[in-house]
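**Student:** Here you go, my_file-v5.tsv (TSV, C-alpha atoms):
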```tsv
chain	number	residue	atom	x	y	z
A	1	MET	CA	0.00	0.00	0.00
A	2	THR	CA	2.84	2.30	0.83
A	3	LEU	CA	4.52	1.52	-2.50
A	4	THR	CA	1.34	2.37	-4.35
A	5	ASN	CA	1.08	5.70	-2.61
A	6	ASP	CA	4.74	6.40	-3.40
A	7	LYS	CA	4.16	5.71	-7.09
A	8	ALA	CA	1.07	7.82	-7.05
A	9	ASP	CA	3.01	10.59	-5.35
A	10	ALA	CA	5.82	10.23	-7.85
A	11	GLY	CA	3.44	10.54	-10.79
A	12	THR	CA	1.75	13.62	-9.40
A	13	PRO	CA	3.33	16.82	-10.76
A	14	THR	CA	4.60	19.14	-8.10
A	15	PRO	CA	4.33	22.93	-8.28
A	16	ALA	CA	8.09	23.06	-8.75
A	17	SER	CA	7.82	21.11	-12.04
A	18	ARG	CA	5.35	23.60	-13.56
A	19	PRO	CA	6.64	26.49	-15.69
A	20	ASP	CA	6.90	29.63	-13.67
A	21	ASP	CA	5.22	32.91	-14.57
A	22	GLU	CA	8.47	34.54	-15.63
A	23	SER	CA	9.18	31.98	-18.38
A	24	THR	CA	5.58	32.33	-19.60
A	25	SER	CA	5.83	36.11	-19.86
A	26	GLU	CA	9.18	36.12	-21.70
A	27	PRO	CA	7.70	35.89	-25.25
A	28	ALA	CA	5.27	38.75	-24.48
A	29	ALA	CA	8.09	40.87	-23.06
A	30	ARG	CA	10.22	40.06	-26.09
A	31	ARG	CA	7.41	41.22	-28.38
A	32	ARG	CA	7.15	44.52	-26.52
A	33	ARG	CA	10.81	45.39	-27.02
A	34	VAL	CA	11.65	47.73	-29.87
A	35	PRO	CA	14.85	46.87	-31.76
A	36	VAL	CA	17.61	49.43	-31.50
A	37	HIS	CA	17.91	49.86	-35.28
A	38	LYS	CA	14.20	50.72	-35.49
A	39	ILE	CA	14.61	53.41	-32.85
A	40	GLY	CA	17.31	55.02	-34.98
A	41	LEU	CA	15.17	54.68	-38.10
A	42	TYR	CA	12.18	56.29	-36.41
A	43	GLY	CA	14.41	59.10	-35.20
A	44	LEU	CA	15.71	59.80	-38.70
A	45	LEU	CA	12.17	59.71	-40.11
A	46	GLY	CA	11.03	62.13	-37.42
A	47	ILE	CA	13.85	64.55	-38.25
A	48	ALA	CA	13.02	64.31	-41.96
A	49	ALA	CA	9.34	64.98	-41.23
A	50	LEU	CA	10.17	68.05	-39.13
A	51	THR	CA	12.50	69.32	-41.86
A	52	ALA	CA	9.72	69.01	-44.43
A	53	LEU	CA	7.09	70.58	-42.16
A	54	PHE	CA	9.20	73.52	-40.96
A	55	PRO	CA	8.66	75.70	-44.10
A	56	LEU	CA	4.90	75.17	-43.80
A	57	LEU	CA	4.94	76.04	-40.09
A	58	TRP	CA	7.04	79.13	-40.81
A	59	MET	CA	4.59	80.18	-43.54
A	60	VAL	CA	1.59	79.85	-41.23
A	61	SER	CA	3.45	81.68	-38.46
A	62	GLY	CA	4.46	84.52	-40.79
A	63	SER	CA	0.92	84.86	-42.11
A	64	LEU	CA	-0.26	85.72	-38.57
A	65	GLN	CA	2.37	88.40	-37.89
A	66	THR	CA	2.64	92.07	-38.68
A	67	LEU	CA	5.13	93.19	-41.32
A	68	THR	CA	7.46	94.66	-38.70
A	69	GLU	CA	7.40	91.50	-36.61
A	70	LEU	CA	7.98	89.36	-39.69
A	71	LEU	CA	10.97	91.38	-40.92
A	72	THR	CA	12.65	91.64	-37.53
A	73	ASN	CA	12.26	87.89	-36.82
A	74	GLN	CA	11.47	88.58	-33.18
A	75	SER	CA	9.72	85.28	-32.52
A	76	PHE	CA	8.54	82.19	-34.35
A	77	VAL	CA	5.23	82.33	-32.48
A	78	PRO	CA	3.15	85.46	-33.27
A	79	SER	CA	2.76	87.68	-30.21
A	80	ASP	CA	-0.60	88.97	-31.44
A	81	PRO	CA	-2.07	86.78	-34.25
A	82	GLN	CA	-3.24	88.95	-37.13
A	83	TRP	CA	-6.17	86.99	-38.54
A	84	GLY	CA	-7.06	90.03	-40.59
A	85	ASN	CA	-4.21	89.14	-42.98
A	86	TYR	CA	-6.35	86.32	-44.36
A	87	VAL	CA	-9.31	88.67	-44.85
A	88	THR	CA	-7.06	91.16	-46.65
A	89	ALA	CA	-5.61	88.43	-48.86
A	90	TRP	CA	-9.04	87.09	-49.77
A	91	VAL	CA	-10.63	90.47	-50.49
A	92	GLU	CA	-7.81	92.55	-51.99
A	93	GLY	CA	-6.34	89.66	-53.93
A	94	ASP	CA	-9.72	88.44	-55.22
A	95	LEU	CA	-8.60	84.93	-54.29
A	96	GLY	CA	-12.13	83.58	-54.55
A	97	THR	CA	-12.15	84.04	-58.34
A	98	TYR	CA	-8.64	82.68	-58.83
A	99	LEU	CA	-9.29	79.74	-56.50
A	100	ARG	CA	-12.46	78.82	-58.38
A	101	ASN	CA	-10.60	78.95	-61.69
A	102	SER	CA	-7.80	76.70	-60.41
A	103	VAL	CA	-10.25	74.15	-59.04
A	104	ILE	CA	-12.05	73.98	-62.40
A	105	TYR	CA	-8.85	73.82	-64.46
A	106	THR	CA	-7.18	71.24	-62.23
A	107	GLY	CA	-10.27	69.04	-61.92
A	108	ALA	CA	-10.93	69.02	-65.67
A	109	ALA	CA	-7.26	68.40	-66.48
A	110	VAL	CA	-6.93	65.52	-64.00
A	111	LEU	CA	-10.09	63.83	-65.28
A	112	GLY	CA	-8.92	64.13	-68.89
A	113	ILE	CA	-5.45	62.82	-68.06
A	114	LEU	CA	-6.83	59.85	-66.12
A	115	LEU	CA	-9.19	58.91	-68.94
A	116	VAL	CA	-6.65	59.10	-71.76
A	117	SER	CA	-3.62	57.73	-69.88
A	118	SER	CA	-5.51	54.75	-68.43
A	119	LEU	CA	-6.81	53.73	-71.86
A	120	ALA	CA	-3.43	54.27	-73.51
A	121	GLY	CA	-1.56	52.52	-70.72
A	122	TYR	CA	-3.87	49.50	-70.90
A	123	ALA	CA	-3.44	49.30	-74.66
A	124	LEU	CA	0.35	49.39	-74.36
A	125	ALA	CA	0.33	46.79	-71.60
A	126	ARG	CA	-2.17	44.26	-72.95
A	127	LEU	CA	-2.86	44.77	-76.66
A	128	GLU	CA	-0.62	43.83	-79.55
A	129	PHE	CA	-0.61	46.18	-82.53
A	130	ALA	CA	1.77	47.43	-85.20
A	131	GLY	CA	4.09	50.23	-84.09
A	132	LYS	CA	3.68	49.58	-80.39
A	133	GLY	CA	7.39	49.98	-79.68
A	134	VAL	CA	7.61	53.14	-81.78
A	135	PHE	CA	4.65	54.63	-79.97
A	136	THR	CA	6.28	53.97	-76.59
A	137	PHE	CA	9.53	55.52	-77.81
A	138	VAL	CA	7.68	58.65	-78.98
A	139	ILE	CA	6.14	59.05	-75.54
A	140	LEU	CA	9.58	58.83	-73.93
A	141	ALA	CA	10.98	61.34	-76.44
A	142	VAL	CA	8.22	63.85	-75.70
A	143	MET	CA	9.01	63.68	-71.99
A	144	ILE	CA	12.59	64.78	-72.69
A	145	ILE	CA	11.48	68.09	-74.27
A	146	PRO	CA	11.14	70.87	-71.63
A	147	ALA	CA	7.67	72.34	-71.32
A	148	PRO	CA	8.73	75.97	-72.05
A	149	ALA	CA	10.29	74.80	-75.33
A	150	MET	CA	6.82	73.78	-76.56
A	151	PHE	CA	5.07	77.02	-75.56
A	152	LEU	CA	5.45	78.67	-78.99
A	153	ALA	CA	4.16	75.66	-80.92
A	154	GLN	CA	1.26	75.19	-78.50
A	155	TYR	CA	0.38	78.88	-78.60
A	156	LYS	CA	0.37	78.98	-82.44
A	157	LEU	CA	-1.83	75.87	-82.48
A	158	LEU	CA	-4.31	77.48	-80.09
A	159	ILE	CA	-4.36	80.63	-82.24
A	160	SER	CA	-5.24	78.56	-85.30
A	161	LEU	CA	-8.02	76.86	-83.33
A	162	GLY	CA	-9.32	80.12	-81.89
A	163	LEU	CA	-8.73	78.99	-78.30
A	164	THR	CA	-6.50	81.77	-77.01
A	165	ASN	CA	-7.76	83.51	-73.87
A	166	ASN	CA	-10.09	80.53	-73.51
A	167	PRO	CA	-10.29	78.10	-70.55
A	168	VAL	CA	-10.85	75.18	-72.94
A	169	GLY	CA	-7.51	75.78	-74.66
A	170	TYR	CA	-5.73	76.06	-71.31
A	171	VAL	CA	-7.23	72.79	-70.05
A	172	LEU	CA	-6.25	71.03	-73.28
A	173	ILE	CA	-2.66	72.19	-72.81
A	174	LEU	CA	-2.64	70.83	-69.25
A	175	ILE	CA	-4.03	67.49	-70.44
A	176	THR	CA	-1.56	67.05	-73.28
A	177	SER	CA	1.34	68.01	-71.00
A	178	GLY	CA	0.45	65.34	-68.44
A	179	ILE	CA	-0.46	62.44	-70.73
A	180	PRO	CA	3.06	61.08	-71.54
A	181	MET	CA	4.25	60.51	-67.96
A	182	SER	CA	0.83	59.33	-66.81
A	183	THR	CA	0.59	56.83	-69.67
A	184	LEU	CA	3.90	55.24	-68.72
A	185	ILE	CA	2.90	55.08	-65.05
A	186	MET	CA	-0.40	53.37	-65.88
A	187	ARG	CA	1.32	51.02	-68.34
A	188	SER	CA	3.75	49.88	-65.64
A	189	PHE	CA	0.83	49.35	-63.27
A	190	PHE	CA	-1.19	47.28	-65.76
A	191	VAL	CA	1.84	45.15	-66.68
A	192	SER	CA	2.28	44.17	-63.03
A	193	GLN	CA	-1.32	42.95	-62.75
A	194	PRO	CA	-2.09	39.24	-63.32
A	195	ARG	CA	-4.12	38.20	-66.33
A	196	ASP	CA	-6.30	35.68	-64.50
A	197	LEU	CA	-9.27	37.98	-63.93
A	198	GLU	CA	-9.13	39.33	-67.48
A	199	GLU	CA	-9.16	35.82	-68.90
A	200	ALA	CA	-12.04	34.81	-66.63
A	201	ALA	CA	-14.07	37.86	-67.72
A	202	ALA	CA	-13.28	37.12	-71.38
A	203	LEU	CA	-14.53	33.54	-70.93
A	204	ASP	CA	-17.79	34.99	-69.60
A	205	GLY	CA	-18.20	36.94	-72.83
A	206	ALA	CA	-16.90	40.38	-71.79
A	207	GLY	CA	-15.25	42.45	-74.50
A	208	PRO	CA	-12.00	44.42	-74.10
A	209	LEU	CA	-13.73	47.64	-73.03
A	210	ARG	CA	-15.98	45.80	-70.56
A	211	VAL	CA	-12.98	43.98	-69.09
A	212	PHE	CA	-11.13	47.29	-68.79
A	213	TRP	CA	-14.02	49.20	-67.20
A	214	SER	CA	-15.43	46.50	-64.89
A	215	VAL	CA	-12.34	44.46	-63.94
A	216	ILE	CA	-9.09	46.31	-64.53
A	217	LEU	CA	-10.01	49.90	-63.67
A	218	PRO	CA	-11.31	49.13	-60.15
A	219	LEU	CA	-8.01	47.36	-59.40
A	220	ALA	CA	-6.08	50.34	-60.74
A	221	ARG	CA	-7.25	52.79	-58.09
A	222	PRO	CA	-3.82	53.05	-56.41
A	223	GLY	CA	-2.22	53.85	-59.77
A	224	LEU	CA	-4.98	56.30	-60.65
A	225	ALA	CA	-4.56	58.01	-57.28
A	226	ALA	CA	-0.81	58.36	-57.83
A	227	VAL	CA	-1.35	59.89	-61.27
A	228	ALA	CA	-4.04	62.20	-59.91
A	229	VAL	CA	-1.75	63.48	-57.16
A	230	ILE	CA	1.23	64.05	-59.48
A	231	GLN	CA	-0.72	65.72	-62.27
A	232	GLY	CA	-3.02	67.57	-59.90
A	233	LEU	CA	-0.06	69.25	-58.21
A	234	GLY	CA	1.45	70.11	-61.60
A	235	ALA	CA	-1.78	71.63	-62.92
A	236	TRP	CA	-2.41	73.54	-59.70
A	237	ASN	CA	1.06	75.11	-59.69
A	238	GLU	CA	1.14	75.95	-63.42
A	239	TYR	CA	1.62	79.66	-64.10
A	240	LEU	CA	3.75	80.35	-67.18
A	241	MET	CA	1.31	79.00	-69.78
A	242	ALA	CA	-1.57	80.83	-68.11
A	243	LEU	CA	0.43	84.06	-68.25
A	244	VAL	CA	1.06	83.55	-71.97
A	245	LEU	CA	-2.42	82.35	-72.91
A	246	PHE	CA	-4.77	84.56	-70.87
A	247	ASP	CA	-5.31	88.27	-71.39
A	248	ASP	CA	-8.21	88.52	-68.93
A	249	ASN	CA	-7.27	88.45	-65.23
A	250	GLU	CA	-10.66	86.91	-64.46
A	251	LEU	CA	-9.48	83.71	-66.15
A	252	MET	CA	-6.14	83.44	-64.34
A	253	PRO	CA	-5.42	80.57	-61.89
A	254	ILE	CA	-4.58	80.98	-58.21
A	255	GLN	CA	-0.85	81.45	-58.87
A	256	ARG	CA	-1.67	84.75	-60.61
A	257	GLY	CA	-3.52	85.94	-57.54
A	258	LEU	CA	-0.42	85.52	-55.39
A	259	THR	CA	1.48	88.07	-57.47
A	260	ALA	CA	-0.86	90.85	-56.34
A	261	PHE	CA	1.09	91.21	-53.08
A	262	THR	CA	4.62	91.31	-54.50
A	263	SER	CA	4.79	95.00	-55.31
A	264	ALA	CA	8.07	96.67	-54.34
A	265	GLU	CA	6.30	99.94	-53.48
A	266	THR	CA	3.92	98.40	-50.96
A	267	PRO	CA	5.49	95.19	-49.63
A	268	GLN	CA	2.95	92.93	-47.98
A	269	GLN	CA	4.89	89.78	-47.27
A	270	GLN	CA	2.64	88.82	-44.38
A	271	VAL	CA	-0.44	89.04	-46.63
A	272	LEU	CA	1.39	87.09	-49.34
A	273	LEU	CA	2.07	84.32	-46.81
A	274	ALA	CA	-1.61	84.32	-45.85
A	275	ALA	CA	-2.65	84.06	-49.51
A	276	THR	CA	-0.15	81.23	-50.06
A	277	THR	CA	-1.54	79.39	-47.05
A	278	ILE	CA	-5.05	79.69	-48.49
A	279	SER	CA	-3.84	78.42	-51.86
A	280	ILE	CA	-2.33	75.20	-50.48
A	281	VAL	CA	-5.37	74.15	-48.42
A	282	PRO	CA	-7.18	72.51	-51.40
A	283	VAL	CA	-3.94	70.72	-52.36
A	284	ILE	CA	-3.51	69.29	-48.86
A	285	VAL	CA	-7.15	68.13	-48.74
A	286	PHE	CA	-6.85	66.54	-52.17
A	287	TYR	CA	-3.64	64.75	-51.25
A	288	LEU	CA	-5.07	63.40	-47.98
A	289	MET	CA	-8.08	62.04	-49.84
A	290	ALA	CA	-5.94	60.32	-52.48
A	291	GLN	CA	-3.37	59.05	-49.97
A	292	ARG	CA	-5.84	56.52	-48.59
A	293	HIS	CA	-5.85	54.68	-51.92
A	294	ILE	CA	-2.08	54.89	-52.37
A	295	VAL	CA	-1.33	53.44	-48.94
A	296	LYS	CA	-3.46	50.38	-49.68
A	297	GLY	CA	-0.78	49.36	-52.15
A	298	ILE	CA	-0.81	47.96	-55.61
A	299	GLY	CA	-0.98	44.38	-54.30
A	300	ALA	CA	-4.49	44.83	-52.88
A	301	GLY	CA	-6.46	43.02	-55.59
A	302	ALA	CA	-8.99	40.27	-56.09
A	303	LEU	CA	-6.35	37.51	-56.16
A	304	LYS	CA	-5.31	38.48	-52.62
```
Please render this file's structure as structure tokens.
**Tutor:**
Amino acid sequence: MTLTNDKADAGTPTPASRPDDESTSEPAARRRRVPVHKIGLYGLLGIAALTALFPLLWMVSGSLQTLTELLTNQSFVPSDPQWGNYVTAWVEGDLGTYLRNSVIYTGAAVLGILLVSSLAGYALARLEFAGKGVFTFVILAVMIIPAPAMFLAQYKLLISLGLTNNPVGYVLILITSGIPMSTLIMRSFFVSQPRDLEEAAALDGAGPLRVFWSVILPLARPGLAAVAVIQGLGAWNEYLMALVLFDDNELMPIQRGLTAFTSAETPQQQVLLAATTISIVPVIVFYLMAQRHIVKGIGAGALK
């Protein structure tokens, strides 16, 4: 009987044989530790972010100062914020008209570029036709030519079409200027996409345009967002062609409105900074809206 109890006691696990709490918590503690190299990486990224944000912070700070305070650089933080600078910039600079024009021009140009470049990029990526290589080479060659070098040819063409001092002619120039780069971006995106869904849709009887519109284009939202951001910023900041093409100030984009406060006789740098701050607000909003699609990544598709 005693032997049986000893065996039973020997087979019973004692508290000492169980894993202690410290060994159980080691994996969790290991997961909570941040590697040293990541700390350095985060530090460098933080410094880079502050470096990029400093000009914007300085612009907002200067827009809330008086001219004397701005020129003497007394403090980075305004002692008495001058919110009236924004009212002056909006009223005296007629920024409402210029801002409306830029929104219309940029929106129309981006839509036109997305439509043409997505169709052209899909054709170069998926279709086989004569002269495909030559067509791609021509697009690359056009990108090498600086935009100011084409101003004279573009302006003479618009004169022959009767589109000078006309918003339609200006939007067409913006579209044609953005198509080459956007086409190559969309072509690279379509080439990286698998053909499985296209082949499945073709087996179901869908034609090339139906496959493009219903299958490929929804998967191309990250690429479309990237093109929209790049070309939207370019169209929003365009000034030289507008200066050449438009004779009426009522048709000028927002960049023309900023020049109203650059007179040497009556310097208004603080009002110019306020007008510049107003002009970048739509760009920031547009970028934040498009960034959500870019961050999702190109790999987010139906096959995933």
**Student:** Between atom CA of A:Gly178 and atom CA of A:Ile254, what is the distance, to one decimal in Å?
**Tutor:**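 Computing the Euclidean distance for atom CA of A:Gly178 and atom CA of A:Ile254 yields 19.4 Å.
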**Student:** Would you please work out which residue, of A:Leu240, A:Val103, A:Val134, A:Leu258, is nearest to A:Thr276 when using all atoms listed in the file?
**Tutor:**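 Of all the options, A:Leu258 lies closest to A:Thr276.
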**Student:** What is the atom CA of A:Ala153 to atom CA of A:Ser177 distance in Å?
**Tutor:**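 It comes out at 12.8 Å.
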**Student:** Leaving out A:Ala226 and any residue of its chain fewer than 2 positions from it, which residues lie within 10 Å of it when counting all atoms listed in the file, given as an MDAnalysis selection string?
**Tutor:** chainID A and resid 182 185:186 221:224 228:232 287 290:291 293:294
**Student:** Those residues you just picked out, can you put them in a file as a PDB file, keeping the file's coordinate frame with C-alpha atoms?
**Tutor:**
```
ATOM      1  CA  SER A 182       0.830  59.330 -66.810  1.00  0.00           C
ATOM      2  CA  ILE A 185       2.900  55.080 -65.050  1.00  0.00           C
ATOM      3  CA  MET A 186      -0.400  53.370 -65.880  1.00  0.00           C
ATOM      4  CA  ARG A 221      -7.250  52.790 -58.090  1.00  0.00           C
ATOM      5  CA  PRO A 222      -3.820  53.050 -56.410  1.00  0.00           C
ATOM      6  CA  GLY A 223      -2.220  53.850 -59.770  1.00  0.00           C
ATOM      7  CA  LEU A 224      -4.980  56.300 -60.650  1.00  0.00           C
ATOM      8  CA  ALA A 228      -4.040  62.200 -59.910  1.00  0.00           C
ATOM      9  CA  VAL A 229      -1.750  63.480 -57.160  1.00  0.00           C
ATOM     10  CA  ILE A 230       1.230  64.050 -59.480  1.00  0.00           C
ATOM     11  CA  GLN A 231      -0.720  65.720 -62.270  1.00  0.00           C
ATOM     12  CA  GLY A 232      -3.020  67.570 -59.900  1.00  0.00           C
ATOM     13  CA  TYR A 287      -3.640  64.750 -51.250  1.00  0.00           C
ATOM     14  CA  ALA A 290      -5.940  60.320 -52.480  1.00  0.00           C
ATOM     15  CA  GLN A 291      -3.370  59.050 -49.970  1.00  0.00           C
ATOM     16  CA  HIS A 293      -5.850  54.680 -51.920  1.00  0.00           C
ATOM     17  CA  ILE A 294      -2.080  54.890 -52.370  1.00  0.00           C
TER      18      ILE A 294
END
```
